[in-house]
Amino acid sequence: MQRNRRLIRTSALAMIVRGLWPSRNPLRRATDKAETLLVAGLIAAFLVGAPAAAIGASHWATAAGQRAEQVTRYKVEAALLQDTPGPYYTLYGPVDMPALAMWTAPDGSARAGLIKATEGGHAGAKVAIWTNESGKPIGPPPRRGQVSTQEALAAASAFVLTGLVLLVAGMVALGAVHRRRLAAWDTAWQVIGPRWTSRR
């Protein structure tokens with residue numbers, strides 16, 4: 001039973017390869033040749049385009065990470081103006097609620113606003129935050145692991161997206177070739193069909 005399945009799989013693969021392999025068969029139509037060239041072109045485009053897209057996306061993610069690292073960040077102390085509220089629970093887990101605080105910007109001006117603070121902070125407590133030059137709170141500098149993860153995700157996404165785009169384009173193009181083939185068969189049958197029916 002398993003041997004029969006293996007033979008069926010092998011023969012199906014052989015039929016596909018034989019159908020795509022160029023030959024001098026006189027029954028092979030121009031649409032068959034176009035289909036072969038189209039499939040070969042799509043495979044070549046994927047083998048060249050997908051790795052190139054992945055490398056390009058990885059370089060783009062690296063450059064974006066470097067730009068994020070180059071943003072000037074200042075670590076300042078903020079004084080809480082209220083007790084930090086407890087975390088808000090969602091379907092995805094607890095989320096820290098922002099608390100009102102006051103801090104001094106790098107240029108010396110006083111700033112106030114909502115900041116992320118851990119649970120249990122009381123009014124007057126000092127909390128370290130990151131700000132830009134104007135004193136607006138921003139996230140901490142990205143860690144190397146985060147940048148590496150972004151590079152890997154960008155490369156994988158570009159690889160898969162290239163494959164999907166080529167797959168959709170190939171399906172549309174092969175559909176057009178198939179419609180041409182059916183139209184050619186219909187035209188040929190209109191010529192040959194009456195000859196066969198008239199012999200009966």
# chains A, B, ... in the order shown; residues from 1 in each chain; ligands from 1

call {"tool": "residues_around", "arguments": {"residues": "segment 169-180 of chain A", "least_positions_apart": "3", "cutoff": "10 Å", "atoms": "only C-alpha atoms", "output": "list in words"}}
result
Ala30, Thr31, Asp32, Ala34, Glu35, Thr36, Leu38, Val39, Gly41, Leu42, Ile43, Gly163, Leu164, Val165, Leu166, Ala183, Ala184, Trp185 and Asp186 of chain A

call {"tool": "residues_around", "arguments": {"residues": "Ala61 of chain A", "least_positions_apart": "3", "cutoff": "6 Å", "atoms": "only C-alpha atoms", "output": "MDAnalysis selection string"}}
result
chainID A and resid 58 64 151

call {"tool": "write_last_selection", "arguments": {"atoms": "N, CA, C and O atoms", "output": "mmCIF file, in the first residue's frame"}}
result
data_model
loop_
_atom_site.group_PDB
_atom_site.id
_atom_site.type_symbol
_atom_site.label_atom_id
_atom_site.label_comp_id
_atom_site.auth_asym_id
_atom_site.auth_seq_id
_atom_site.Cartn_x
_atom_site.Cartn_y
_atom_site.Cartn_z
ATOM 1 N N SER A 58 16.207 43.378 5.915
ATOM 2 C CA SER A 58 17.075 43.284 7.095
ATOM 3 C C SER A 58 17.952 44.526 7.224
ATOM 4 O O SER A 58 18.112 45.077 8.330
ATOM 5 N N ALA A 64 16.956 51.387 10.601
ATOM 6 C CA ALA A 64 15.927 51.967 11.477
ATOM 7 C C ALA A 64 16.334 51.837 12.935
ATOM 8 O O ALA A 64 16.142 52.760 13.735
ATOM 9 N N GLU A 151 15.211 42.793 12.863
ATOM 10 C CA GLU A 151 15.877 42.429 11.604
ATOM 11 C C GLU A 151 15.365 41.083 11.099
ATOM 12 O O GLU A 151 15.061 40.925 9.919
#

call {"tool": "select_by_dssp", "arguments": {"residues": "segment 43-191 of chain A", "states": "helix (DSSP H, G or I)", "output": "MDAnalysis selection string"}}
result
chainID A and resid 43:70 144:191

call {"tool": "atom_distance", "arguments": {"atom1": "atom CA of Asn132 of chain A", "atom2": "atom CA of Glu77 of chain A"}}
result
13.4 Å

call {"tool": "closest_residue", "arguments": {"among": "A:Ser148, A:Gln82, A:Thr90, A:Thr72", "to": "Pro106 of chain A", "atoms": "only C-alpha atoms"}}
result
A:Thr72

call {"tool": "atom_distance", "arguments": {"atom1": "atom CA of Val95 of chain A", "atom2": "atom CA of Ala154 of chain A"}}
result
27.1 Å
